[in-house]
Structures are given as structure tokens and as C-alpha cells.
$ cat my_file.txt   # compact mmCIF, C-alpha atoms and all ligand atoms
# COMPACT_ATOMS: atom_id res chain seq x y z
CA MET A 1152 21.52 104.08 46.00
CA LEU A 1153 22.66 107.36 44.50
CA ILE A 1154 26.21 107.38 43.12
CA LYS A 1155 26.11 110.73 41.40
CA ASP A 1156 23.45 113.13 40.27
CA ARG A 1157 21.47 111.09 37.71
CA LEU A 1158 23.30 107.84 38.39
CA HIS A 1159 21.82 105.16 40.68
CA TRP A 1160 22.92 101.68 41.73
CA VAL A 1161 19.91 99.36 41.34
CA GLY A 1162 21.72 96.05 41.87
CA ILE A 1163 21.34 93.08 44.18
CA LEU A 1164 23.29 91.97 47.25
CA ASN A 1165 23.93 88.26 47.72
CA PRO A 1166 25.85 87.98 51.02
CA GLY A 1167 25.16 84.24 51.45
CA LEU A 1168 26.70 82.99 48.19
CA ARG A 1169 29.60 80.61 48.94
CA TYR A 1170 30.58 79.55 45.40
CA PHE A 1171 30.38 81.45 42.15
CA ASP A 1172 31.11 79.10 39.27
CA PHE A 1173 33.87 77.18 41.04
CA ILE A 1174 35.30 80.15 42.91
CA PRO A 1175 34.90 80.24 46.71
CA THR A 1176 33.06 83.42 47.73
CA ALA A 1177 33.44 83.61 51.51
CA ASN A 1178 32.04 87.14 51.51
CA GLY A 1179 29.24 86.60 48.99
CA THR A 1180 28.89 88.79 45.93
CA THR A 1181 26.81 91.55 44.43
CA TYR A 1182 25.21 91.87 41.00
CA ASN A 1183 25.59 95.53 40.18
CA SER A 1184 23.23 97.24 37.81
CA TYR A 1185 23.13 100.96 37.20
CA LEU A 1186 20.43 103.37 36.12
CA ILE A 1187 21.29 106.65 34.41
CA THR A 1188 18.35 109.01 34.84
CA ALA A 1189 19.16 111.05 31.75
CA GLN A 1190 16.50 112.46 29.46
CA LYS A 1191 16.55 109.00 27.89
CA PRO A 1192 16.71 106.80 31.01
CA THR A 1193 19.20 103.99 30.52
CA LEU A 1194 20.08 100.83 32.41
CA VAL A 1195 23.65 99.51 32.41
CA ASP A 1196 24.24 95.81 33.08
CA GLY A 1197 21.80 93.48 34.79
CA VAL A 1198 21.42 90.85 37.46
CA PHE A 1199 20.79 87.14 37.88
CA ARG A 1200 17.22 86.07 37.01
CA LYS A 1201 16.50 84.72 40.51
CA TYR A 1202 16.29 88.36 41.63
CA SER A 1203 14.12 89.66 38.78
CA GLU A 1204 11.22 90.78 40.97
CA LEU A 1205 13.35 92.74 43.42
CA TYR A 1206 15.35 94.17 40.53
CA LEU A 1207 12.21 95.47 38.81
CA ASP A 1208 11.09 97.04 42.09
CA ARG A 1209 14.41 98.79 42.47
CA ILE A 1210 14.40 100.15 38.93
CA SER A 1211 10.79 101.32 39.11
CA SER A 1212 11.40 103.04 42.45
CA VAL A 1213 13.62 105.43 40.48
CA VAL A 1214 12.09 105.54 36.97
CA PRO A 1215 8.74 104.13 35.72
CA LEU A 1216 9.54 101.07 33.61
CA ASP A 1217 7.69 102.44 30.58
CA LYS A 1218 10.05 105.41 30.51
CA LEU A 1219 13.22 103.34 30.05
CA VAL A 1220 14.80 103.84 26.63
CA TYR A 1221 18.08 101.90 26.51
CA TYR A 1222 19.62 98.91 28.24
CA VAL A 1223 23.39 98.75 27.83
CA ILE A 1224 24.76 95.22 28.15
CA ASN A 1225 28.53 95.26 28.50
CA HIS A 1226 28.78 91.45 28.85
CA THR A 1227 26.18 88.71 28.67
CA GLU A 1228 27.11 85.99 31.12
CA HIS A 1229 23.99 84.82 32.95
CA ASP A 1230 24.73 86.63 36.21
CA HIS A 1231 24.36 89.92 34.35
CA SER A 1232 21.88 89.11 31.63
CA SER A 1233 19.42 86.46 32.74
CA ALA A 1234 17.09 89.00 34.41
CA VAL A 1235 17.09 91.14 31.25
CA GLY A 1236 14.19 89.05 29.95
CA ALA A 1237 12.00 90.07 32.89
CA VAL A 1238 12.85 93.73 32.28
CA LEU A 1239 12.02 93.40 28.59
CA ASP A 1240 8.72 91.69 29.43
CA ALA A 1241 7.81 94.65 31.64
CA ALA A 1242 9.27 97.30 29.33
CA PRO A 1243 9.24 95.99 25.73
CA GLN A 1244 9.99 99.45 24.32
CA ILE A 1245 13.61 99.20 25.52
CA THR A 1246 16.42 98.99 22.97
CA VAL A 1247 19.23 96.71 24.10
CA VAL A 1248 22.67 98.12 23.26
CA GLY A 1249 25.77 95.92 23.06
CA THR A 1250 28.47 94.57 20.79
CA GLY A 1251 27.44 92.29 17.91
CA PRO A 1252 28.49 89.16 19.85
CA ALA A 1253 26.65 90.41 22.95
CA ILE A 1254 23.38 90.83 21.04
CA GLU A 1255 23.81 87.40 19.47
CA PHE A 1256 24.65 85.73 22.82
CA LEU A 1257 21.78 87.47 24.61
CA LYS A 1258 19.24 86.20 22.08
CA CYS A 1259 20.50 82.66 22.75
CA ILE A 1260 20.52 83.14 26.53
CA LEU A 1261 17.00 84.56 26.65
CA ASN A 1262 15.71 82.49 23.69
CA ARG A 1263 13.80 85.48 22.36
CA ASP A 1264 14.13 88.43 20.06
CA PHE A 1265 14.13 92.07 21.18
CA ARG A 1266 14.83 95.57 19.90
CA SER A 1267 18.57 95.96 19.71
CA GLN A 1268 21.36 98.20 18.54
CA ALA A 1269 24.79 96.69 17.92
CA VAL A 1270 27.58 99.18 18.53
CA GLU A 1271 31.12 99.40 17.22
CA ASP A 1272 34.21 100.52 19.02
CA ASN A 1273 34.07 104.24 19.93
CA ASP A 1274 30.41 104.65 18.95
CA ARG A 1275 28.54 107.31 20.94
CA LEU A 1276 24.98 107.21 22.18
CA ASP A 1277 23.05 110.40 22.88
CA LEU A 1278 20.86 110.17 26.00
CA GLY A 1279 19.81 113.84 25.75
CA ASP A 1280 21.64 115.49 28.62
CA ARG A 1281 24.20 112.65 28.89
CA HIS A 1282 26.36 110.81 26.38
CA LEU A 1283 27.82 107.31 26.37
CA ARG A 1284 30.85 106.06 24.49
CA PHE A 1285 31.53 102.37 23.96
CA LEU A 1286 34.99 100.81 24.08
CA ARG A 1287 35.32 97.26 22.87
CA VAL A 1288 37.57 95.16 25.11
CA PRO A 1289 37.12 91.60 23.85
CA PHE A 1290 38.07 88.81 26.23
CA TRP A 1291 37.68 90.70 29.45
CA HIS A 1292 36.82 87.68 29.71
CA TRP A 1293 34.30 86.80 26.97
CA PRO A 1294 34.39 87.85 23.31
CA ASP A 1295 31.29 90.02 23.79
CA THR A 1296 32.81 92.48 26.23
CA MET A 1297 32.89 96.27 26.12
CA PHE A 1298 33.26 99.13 28.58
CA THR A 1299 30.86 102.07 28.64
CA TRP A 1300 32.07 105.59 29.35
CA LEU A 1301 29.60 108.12 30.71
CA GLU A 1302 31.27 111.25 29.40
CA GLU A 1303 29.76 114.07 31.48
CA ASP A 1304 30.27 112.24 34.79
CA ARG A 1305 33.56 110.50 33.93
CA VAL A 1306 32.17 107.14 35.02
CA LEU A 1307 33.46 103.92 33.48
CA PHE A 1308 31.19 100.87 33.53
CA THR A 1309 33.44 97.83 33.28
CA CYS A 1310 31.15 94.87 34.03
CA ASP A 1311 33.42 92.02 35.27
CA GLY A 1312 36.53 94.17 34.90
CA PHE A 1313 37.78 95.46 38.28
CA GLY A 1314 35.11 93.36 39.98
CA ALA A 1315 35.31 91.47 43.27
CA HIS A 1316 33.12 88.81 44.82
CA PHE A 1317 32.54 90.81 47.97
CA CYS A 1318 29.28 91.87 49.50
CA ASP A 1319 29.04 94.88 51.78
CA GLU A 1320 25.87 96.95 51.66
CA ARG A 1321 27.89 100.16 52.08
CA MET A 1322 29.01 99.51 48.47
CA PHE A 1323 31.61 102.28 48.05
CA ASP A 1324 35.28 101.33 48.26
CA ASN A 1325 35.96 104.02 50.88
CA LYS A 1326 33.16 102.71 53.11
CA VAL A 1327 33.33 98.90 52.88
CA ASP A 1328 35.70 96.56 54.73
CA ASP A 1329 39.01 95.55 53.17
CA PHE A 1330 38.31 93.67 49.93
CA SER A 1331 41.85 93.60 48.50
CA HIS A 1332 42.03 89.79 48.73
CA GLU A 1333 38.74 89.34 46.86
CA PHE A 1334 39.82 91.91 44.27
CA SER A 1335 43.04 90.01 43.48
CA GLU A 1336 41.32 86.61 43.62
CA TYR A 1337 38.77 87.83 41.11
CA TYR A 1338 41.55 88.86 38.74
CA ASN A 1339 43.31 85.50 39.23
CA HIS A 1340 40.24 83.40 38.55
CA ILE A 1341 38.50 85.42 35.86
CA MET A 1342 40.96 87.67 34.06
CA ARG A 1343 44.42 86.21 34.45
CA ALA A 1344 44.10 83.74 31.57
CA PHE A 1345 43.55 86.71 29.26
CA ALA A 1346 46.49 88.83 30.43
CA PRO A 1347 47.50 90.08 26.92
CA LYS A 1348 43.88 91.14 26.29
CA ILE A 1349 43.77 92.82 29.69
CA LEU A 1350 46.76 94.93 28.68
CA ASP A 1351 45.07 95.81 25.37
CA GLY A 1352 41.98 96.93 27.29
CA LEU A 1353 44.02 98.98 29.75
CA ASP A 1354 45.58 100.79 26.81
CA ARG A 1355 42.08 101.70 25.62
CA ILE A 1356 41.29 103.50 28.88
CA LYS A 1357 44.71 105.00 29.67
CA ASP A 1358 43.72 108.50 28.56
CA LEU A 1359 40.39 108.60 30.40
CA ASP A 1360 40.19 110.88 33.42
CA ILE A 1361 38.14 108.41 35.43
CA ASP A 1362 36.23 109.64 38.46
CA VAL A 1363 34.38 106.40 39.29
CA ILE A 1364 34.66 102.80 38.08
CA CYS A 1365 31.36 100.93 38.26
CA PRO A 1366 32.03 97.18 38.02
CA SER A 1367 29.34 94.54 38.05
CA HIS A 1368 30.50 92.70 41.17
CA GLY A 1369 31.57 94.16 44.49
CA PRO A 1370 32.39 97.68 45.58
CA ILE A 1371 32.04 100.78 43.42
CA LEU A 1372 35.55 102.19 42.95
CA CYS A 1373 35.50 105.90 43.64
CA THR A 1374 38.69 106.42 45.66
CA HIS A 1375 41.64 106.94 43.31
CA PRO A 1376 40.26 104.53 40.71
CA GLN A 1377 43.56 104.61 38.84
CA ARG A 1378 45.13 102.52 41.58
CA TYR A 1379 42.89 99.61 40.59
CA VAL A 1380 43.86 100.16 36.96
CA ALA A 1381 47.54 100.15 38.00
CA LEU A 1382 47.07 96.86 39.87
CA TYR A 1383 45.61 95.21 36.77
CA ARG A 1384 48.50 96.52 34.69
CA LYS A 1385 51.02 95.18 37.20
CA TRP A 1386 49.39 91.75 37.34
CA ALA A 1387 48.97 91.42 33.57
CA THR A 1388 52.48 92.55 32.65
CA PRO A 1389 54.89 89.64 32.15
CA ALA A 1390 57.93 89.65 34.45
CA GLU A 1391 61.17 90.55 32.71
CA LYS A 1392 63.67 87.70 32.70
CA PRO A 1393 67.33 87.78 31.72
CA ARG A 1394 67.11 84.20 30.35
CA LYS A 1395 64.37 81.97 29.04
CA LEU A 1396 62.84 79.86 31.78
CA VAL A 1397 61.66 76.26 31.55
CA THR A 1398 59.63 74.58 34.27
CA VAL A 1399 59.77 70.80 34.53
CA PHE A 1400 56.83 69.34 36.45
CA TYR A 1401 57.12 65.70 37.41
CA ALA A 1402 54.98 63.09 39.15
CA SER A 1403 56.97 60.04 40.18
CA ILE A 1404 56.30 56.99 42.37
CA TYR A 1405 59.56 55.03 42.67
CA GLY A 1406 61.88 57.78 41.43
CA SER A 1407 62.39 56.82 37.78
CA THR A 1408 60.43 59.74 36.36
CA ARG A 1409 62.11 62.01 38.91
CA ARG A 1410 65.56 60.89 37.68
CA MET A 1411 64.46 61.55 34.12
CA ALA A 1412 63.26 65.02 35.16
CA ARG A 1413 66.61 65.84 36.78
CA ALA A 1414 68.58 64.76 33.72
CA ILE A 1415 66.25 66.72 31.43
CA ALA A 1416 66.66 69.76 33.67
CA ASP A 1417 70.46 69.38 33.42
CA GLY A 1418 70.17 69.51 29.64
CA ILE A 1419 67.88 72.53 29.70
CA GLY A 1420 70.16 74.28 32.21
CA GLU A 1421 72.98 74.47 29.68
CA SER A 1422 71.19 77.30 27.88
CA CYS A 1423 68.13 78.32 29.93
CA ALA A 1424 67.06 78.85 33.50
CA VAL A 1425 65.17 75.83 34.77
CA GLU A 1426 62.84 74.97 37.65
CA LEU A 1427 62.10 71.43 38.73
CA LEU A 1428 58.77 71.01 40.53
CA ASP A 1429 57.24 67.93 42.15
CA ALA A 1430 53.56 67.90 41.14
CA HIS A 1431 52.57 66.25 44.42
CA LEU A 1432 53.74 69.25 46.43
CA LEU A 1433 52.03 72.04 44.52
CA ASP A 1434 48.82 73.92 45.12
CA PRO A 1435 46.94 75.40 42.14
CA GLU A 1436 48.28 78.89 42.76
CA ALA A 1437 51.90 77.67 42.64
CA VAL A 1438 51.15 75.84 39.38
CA ARG A 1439 49.57 78.94 37.85
CA ASP A 1440 52.56 81.10 38.86
CA ALA A 1441 55.03 78.61 37.39
CA LEU A 1442 53.08 78.23 34.14
CA GLU A 1443 52.78 81.97 33.74
CA ARG A 1444 56.45 82.80 34.25
CA SER A 1445 57.80 80.00 32.04
CA ASP A 1446 58.69 80.15 28.36
CA GLY A 1447 58.68 76.37 28.10
CA VAL A 1448 57.02 73.72 30.23
CA MET A 1449 57.61 69.99 30.47
CA PHE A 1450 55.31 67.50 32.11
CA GLY A 1451 56.67 64.16 33.26
CA SER A 1452 54.36 61.54 34.67
CA VAL A 1453 54.73 57.91 35.54
CA THR A 1454 52.06 55.74 33.94
CA LEU A 1455 49.66 54.51 36.60
CA ASN A 1456 46.88 52.10 35.63
CA GLY A 1457 47.31 53.18 32.00
CA ASP A 1458 46.82 56.85 32.87
CA VAL A 1459 48.58 60.04 33.90
CA ALA A 1460 49.16 60.31 37.66
CA LEU A 1461 46.44 62.28 39.45
CA ALA A 1462 48.89 64.94 40.68
CA MET A 1463 49.91 65.63 37.08
CA TRP A 1464 46.29 65.83 35.92
CA GLN A 1465 45.80 68.45 38.60
CA VAL A 1466 48.70 70.41 37.13
CA LEU A 1467 47.25 70.02 33.63
CA THR A 1468 43.86 71.34 34.74
CA GLN A 1469 45.49 74.70 35.51
CA LEU A 1470 46.74 75.22 31.95
CA LYS A 1471 43.80 77.30 30.79
CA THR A 1472 43.80 79.55 33.82
CA VAL A 1473 46.77 81.54 32.51
CA SER A 1474 47.81 82.91 29.14
CA LEU A 1475 49.74 80.25 27.20
CA LYS A 1476 50.77 82.60 24.41
CA ASP A 1477 54.22 81.82 22.95
CA LYS A 1478 54.90 78.91 25.32
CA LYS A 1479 56.21 75.54 24.14
CA MET A 1480 55.57 72.27 25.93
CA ALA A 1481 56.66 68.65 25.95
CA ALA A 1482 56.01 65.44 27.87
CA PHE A 1483 57.99 62.53 29.23
CA GLY A 1484 57.70 59.72 31.75
CA SER A 1485 58.77 56.27 32.84
CA TYR A 1486 56.56 53.23 32.57
CA GLY A 1487 56.47 49.49 33.11
CA TRP A 1488 54.52 47.81 30.32
CA SER A 1489 52.04 50.07 28.53
CA GLY A 1490 53.29 53.67 29.08
CA GLU A 1491 50.31 55.81 28.10
CA ALA A 1492 50.96 58.79 30.40
CA ALA A 1493 53.36 60.78 28.23
CA ASN A 1494 51.24 60.52 25.10
CA LEU A 1495 48.02 61.23 27.00
CA THR A 1496 49.71 64.39 28.28
CA LEU A 1497 50.64 65.38 24.74
CA GLU A 1498 47.04 64.80 23.61
CA ARG A 1499 45.82 67.05 26.38
CA LEU A 1500 48.28 69.77 25.37
CA LYS A 1501 47.33 69.50 21.70
CA SER A 1502 43.64 69.67 22.53
CA LEU A 1503 44.41 73.04 24.16
CA ARG A 1504 46.22 74.09 20.93
CA VAL A 1505 49.50 74.50 22.76
CA PRO A 1506 52.62 74.15 20.55
CA VAL A 1507 54.24 70.87 21.58
CA VAL A 1508 57.62 69.35 20.87
CA GLU A 1509 57.14 65.76 19.75
CA PRO A 1510 57.58 62.92 20.29
CA ALA A 1511 57.33 62.46 24.04
CA LEU A 1512 60.26 60.78 25.75
CA ARG A 1513 59.39 57.49 27.42
CA ILE A 1514 61.79 55.26 29.38
CA ARG A 1515 60.93 51.76 30.52
CA PHE A 1516 61.31 51.03 34.25
CA SER A 1517 64.59 52.37 35.71
CA PRO A 1518 66.59 54.69 33.44
CA THR A 1519 70.13 53.53 32.61
CA GLU A 1520 73.05 55.94 32.17
CA THR A 1521 72.38 55.77 28.44
CA ASP A 1522 68.73 56.65 29.05
CA LEU A 1523 69.73 59.58 31.26
CA GLU A 1524 72.00 60.85 28.51
CA LEU A 1525 68.99 60.68 26.18
CA CYS A 1526 67.08 62.74 28.76
CA ARG A 1527 69.82 65.41 28.85
CA LYS A 1528 69.72 65.63 25.06
CA PHE A 1529 65.92 65.84 25.17
CA GLY A 1530 66.27 68.84 27.51
CA GLN A 1531 68.97 70.48 25.36
CA GLU A 1532 66.90 70.13 22.19
CA PHE A 1533 63.75 71.43 23.86
CA ALA A 1534 65.62 74.48 25.17
CA SER A 1535 67.08 75.15 21.72
CA LYS A 1536 63.55 75.43 20.27
CA LEU A 1537 62.48 78.26 22.62
FE1 LIG B 1 30.06 88.28 36.22
FE2 LIG B 1 31.47 86.97 33.33
O1 LIG B 1 30.17 87.26 34.64

$ encode --input "my_file.txt" --output "C-alpha cells"
Amino acid sequence: MLIKDRLHWVGILNPGLRYFDFIPTANGTTYNSYLITAQKPTLVDGVFRKYSELYLDRISSVVPLDKLVYYVINHTEHDHSSAVGAVLDAAPQITVVGTGPAIEFLKCILNRDFRSQAVEDNDRLDLGDRHLRFLRVPFWHWPDTMFTWLEEDRVLFTCDGFGAHFCDERMFDNKVDDFSHEFSEYYNHIMRAFAPKILDGLDRIKDLDIDVICPSHGPILCTHPQRYVALYRKWATPAEKPRKLVTVFYASIYGSTRRMARAIADGIGESCAVELLDAHLLDPEAVRDALERSDGVMFGSVTLNGDVALAMWQVLTQLKTVSLKDKKMAAFGSYGWSGEAANLTLERLKSLRVPVVEPALRIRFSPTETDLELCRKFGQEFASKL
């Protein structure tokens, strides 16, 4: 599929895919690969190995494989790199171009050596009648990541950036069906945890006069591409808040942990805004939103069979789906005889390298008025540390 003079899409459609990693993909996905038919023909990004044969056919229908000179790898996750081995088998003269981490990762993914050229930020590559410039954007969403700028055509290859798990053979954003939901879901699942890095990357491209964005999944973005850039900036920018905000999640059975949570929230509320959320009533998206907007987070769980309540574990599993930069956390909970939940929660937080306020606050069975006063103080002291 021709995108521009000397730029072809040679990717793969996968309309039947229903899960990618753990993300539902009701409309399938695409693995986009691009071929620049410059004097030095160059591939950009690859596809999943299952499609190697079709991929080689597509490439060779445009350029004989023995004429390929470079293969630019913006990111090495298997969906983009695992068919690279088949291309290198068929065209061993190719030089793979990527960041240092990308070259290292690719050697481990393919378990082989190959001709390679590691590039630094802002390096240029001369393809004869075309030129590429490389912009390192680490953690969009792996450490290996870069964007590639095709100067003469003002095309930005962004790999997972600005992608969408959406399959429509018409491929161009002005021709395909509405994919706005898949575009935002992709950001939420893949990029959101790296919001500060996303903003850094957006700053790197803010002066580019982009004509087309070529991502590695979903539609090619040729209609006002800056609107997609603006959406990423909006989503990655933290909301401005007049006061610090603390969210208190709780999972209670007979109400003791809930009473603790309310008293803690009272203490926090003396100096900060506070939200009290019942873990049993939350879906993952609500948890992610709350985690993201909070400066401090508390997790209160009853101990159940020596463990944290399932609803609270489900909250804790969302921690790494958002940026936790500069957030403080703490744990509390009521118990009957052993009381592991609060400390297990702290262990989980520490394993994620989140700054925690210790020790956890644990109250046996039903909290007394004295216990509830302790809870209020616990909340006050936590708020004072933000
Ligand atoms: Fe589409 Fe990070 O892989």
C-alpha cells in the first residue's frame, strides 16, 4: 500500500485477534511495517514472526530482498521484531539500526548476531535521496524506544506511540471507521504508566512539521496528525489541583476497617482533600483514575484467612498501570487474631519501590473511640508528610 512516493506500508492485518497481551482487542490489530524505497531501500519496524512468509512476500513485491540496505527498529517487543530474523535470513546484507538497548534486546530475542548500527539521539542516516533522523524517547514504553523522522516527507515513525489495536484494511485515519475508543484504550493500557516520559517525548517532537504519523498498530495518521499529539499531551498532563489529594481505599467485611478509613479520612481532611473509596465497588479504570490524581494513597484491608482481601489485591494490581512518581502511600486494617493484611500491603508497595509511611496501623476487632482517635492522628500525620 502506497502512503507517499517512495513510502509503502508492508504490514500485516490481524482482524481476528481478541487479546493482545491482556488487552481486549474487539477489532483486532495490525502490525505495521514500512518500506522506504530510497536509493538505499530501508525497512522501518517489523511484524510478528507468525506472519514471516507473508511479510517477506509483501516486501519483495516492492523491492528485491537482496537490495535492502537498512532495517530501522524503533522498538523491539516481539510483535515488531520477531519476524526480523526471517528477513535477515533472506537478506543477510541488511544493517539493523536502533538504539543501543534495542540492538542488545534484539540479539536476545532472535538469539543470533547480525550487522548492526547503534544510533544516538539526533543521529542522521543518509539513504541517498532520503534522510532519517532518530529521536530517542525512552519508555514509550520500553527503554529501547526511539522515533524515526523521514525528513523530506515529514513522516514520523513512532512504533507503539499513537498506536491503536484496530484493524481496518483501509488503513488511513480518514478512511477507516471510528477508532477513537481503541486509540484512547491503547494509551491507557500501554503508555499511561509512563506519563512523565510521554511528555518528555512530546517535547522532542513539538517543533516537527508532521505530515503523517506512521505507528506500528492501527491506522496511519494523516489527517491533522497534531490532534493525536494534542490528545497524548492532554492525557499525560497531570490535572492541576488547588490542594493535595489523598485517596483512601478500603476493603471491609463487618465495618471495622471502614470505620478506621472514615476516621483516617477525617484526619487527612484537616489539611488535604480526601476521597474515600470502597474497593469492592470499583472497576480497574476507576482505580487507575484515583491513583493517578492522588498525591497520597492509603490502602485499608481487613485480614481474611491471613491475607489481604481480594478486592484490595485487585486495587493493588493497578498500581503499575499509572505513574507513581512523587506519591506516598500507607496501609491500615482491622483484624481478629493474626492481622497480616496491612503489612502484606506494605510489602507489596515496597516491592514496587513506592515511598511508604511506616508502620501500618492495625486495630484488633472493633475500633474503640481511642482507636478512632489514633486513626485520625494517623491520617493527620500522613497528610503532613505530603
Ligand atoms: Fe507493539 Fe510494545 O509492542

$ residues_near_ligand --input "my_file.txt" --ligand "ligand LIG 1 (chain B)" --cutoff "6 Å" --atoms "all atoms listed in the file" --output "number ranges by chain"
A: 1228, 1230, 1311

$ atom_distance --input "my_file.txt" --atom1 "atom CA of A:Asp1446" --atom2 "atom CA of A:Gly1352"
23.7 Å

$ residues_around --input "my_file.txt" --residues "A:Pro1294" --least-positions-apart "6" --cutoff "9 Å" --atoms "all atoms listed in the file" --output "CSV table (one decimal) with C-alpha atoms, in the coordinates of the input"
chain,number,residue,atom,x,y,z
A,1226,HIS,CA,28.8,91.4,28.8
A,1252,PRO,CA,28.5,89.2,19.8
A,1253,ALA,CA,26.6,90.4,23.0
A,1288,VAL,CA,37.6,95.2,25.1

$ residues_around --input "my_file.txt" --residues "stretch 1526-1534 of chain A" --least-positions-apart "6" --cutoff "12 Å" --atoms "only C-alpha atoms" --output "PyMOL selection string"
chain A and resi 1394-1399+1407-1425+1445-1451+1478-1485+1506-1514+1518-1520

$ atom_distance --input "my_file.txt" --atom1 "atom CA of A:Tyr1221" --atom2 "atom CA of A:Leu1194"
6.3 Å

$ residues_near_point --input "my_file.txt" --point "(40.1, 104.2, 25.0)" --cutoff "9 Å" --atoms "all atoms listed in the file" --output "PyMOL selection string"
chain A and resi 1273+1285-1287+1352-1359

$ residues_around --input "my_file.txt" --residues "stretch 1160-1174 of chain A" --least-positions-apart "3" --cutoff "6 Å" --atoms "only C-alpha atoms" --output "list in words"
Met1152, Ala1177, Gly1179, Thr1180, Thr1181, Tyr1182, Asn1183, Ser1184, Tyr1185, Arg1209 and Cys1318 of chain A

$ atom_distance --input "my_file.txt" --atom1 "atom CA of A:Tyr1222" --atom2 "atom CA of A:Val1195"
5.8 Å

$ residues_around --input "my_file.txt" --residues "A:Gly1236" --least-positions-apart "3" --cutoff "10 Å" --atoms "all atoms listed in the file" --output "ChimeraX atom specification"
/A:1200,1203,1232-1233,1239-1243,1257-1258,1260-1265

$ closest_residue --input "my_file.txt" --among "A:His1340, A:Arg1305, A:Arg1515, A:His1316" --to "A:Gln1469" --atoms "only C-alpha atoms"
A:His1340

$ residues_around --input "my_file.txt" --residues "A:Pro1215" --least-positions-apart "2" --cutoff "12 Å" --atoms "only C-alpha atoms" --output "ChimeraX atom specification"
/A:1186,1188,1192-1193,1207-1213,1217-1220,1238,1241-1242

$ residues_near_point --input "my_file.txt" --point "(27.0, 107.0, 35.7)" --cutoff "12 Å" --atoms "only C-alpha atoms" --output "CSV table (one decimal) with C-alpha atoms, in the frame of the given file"
chain,number,residue,atom,x,y,z
A,1153,LEU,CA,22.7,107.4,44.5
A,1154,ILE,CA,26.2,107.4,43.1
A,1155,LYS,CA,26.1,110.7,41.4
A,1156,ASP,CA,23.4,113.1,40.3
A,1157,ARG,CA,21.5,111.1,37.7
A,1158,LEU,CA,23.3,107.8,38.4
A,1159,HIS,CA,21.8,105.2,40.7
A,1160,TRP,CA,22.9,101.7,41.7
A,1161,VAL,CA,19.9,99.4,41.3
A,1184,SER,CA,23.2,97.2,37.8
A,1185,TYR,CA,23.1,101.0,37.2
A,1186,LEU,CA,20.4,103.4,36.1
A,1187,ILE,CA,21.3,106.6,34.4
A,1188,THR,CA,18.4,109.0,34.8
A,1189,ALA,CA,19.2,111.0,31.8
A,1192,PRO,CA,16.7,106.8,31.0
A,1193,THR,CA,19.2,104.0,30.5
A,1194,LEU,CA,20.1,100.8,32.4
A,1195,VAL,CA,23.6,99.5,32.4
A,1196,ASP,CA,24.2,95.8,33.1
A,1223,VAL,CA,23.4,98.8,27.8
A,1278,LEU,CA,20.9,110.2,26.0
A,1281,ARG,CA,24.2,112.6,28.9
A,1282,HIS,CA,26.4,110.8,26.4
A,1283,LEU,CA,27.8,107.3,26.4
A,1284,ARG,CA,30.8,106.1,24.5
A,1299,THR,CA,30.9,102.1,28.6
A,1300,TRP,CA,32.1,105.6,29.4
A,1301,LEU,CA,29.6,108.1,30.7
A,1302,GLU,CA,31.3,111.2,29.4
A,1303,GLU,CA,29.8,114.1,31.5
A,1304,ASP,CA,30.3,112.2,34.8
A,1305,ARG,CA,33.6,110.5,33.9
A,1306,VAL,CA,32.2,107.1,35.0
A,1307,LEU,CA,33.5,103.9,33.5
A,1308,PHE,CA,31.2,100.9,33.5
A,1309,THR,CA,33.4,97.8,33.3
A,1361,ILE,CA,38.1,108.4,35.4
A,1362,ASP,CA,36.2,109.6,38.5
A,1363,VAL,CA,34.4,106.4,39.3
A,1364,ILE,CA,34.7,102.8,38.1
A,1365,CYS,CA,31.4,100.9,38.3
A,1366,PRO,CA,32.0,97.2,38.0
A,1371,ILE,CA,32.0,100.8,43.4
A,1373,CYS,CA,35.5,105.9,43.6

$ closest_residue --input "my_file.txt" --among "A:Val1466, A:Ser1335, A:Val1235, A:Leu1525" --to "A:Thr1496" --atoms "only C-alpha atoms"
A:Val1466

$ closest_residue --input "my_file.txt" --among "A:Gly1312, A:Gly1279, A:Pro1435, A:Gly1457" --to "A:Leu1350" --atoms "all atoms listed in the file"
A:Gly1312
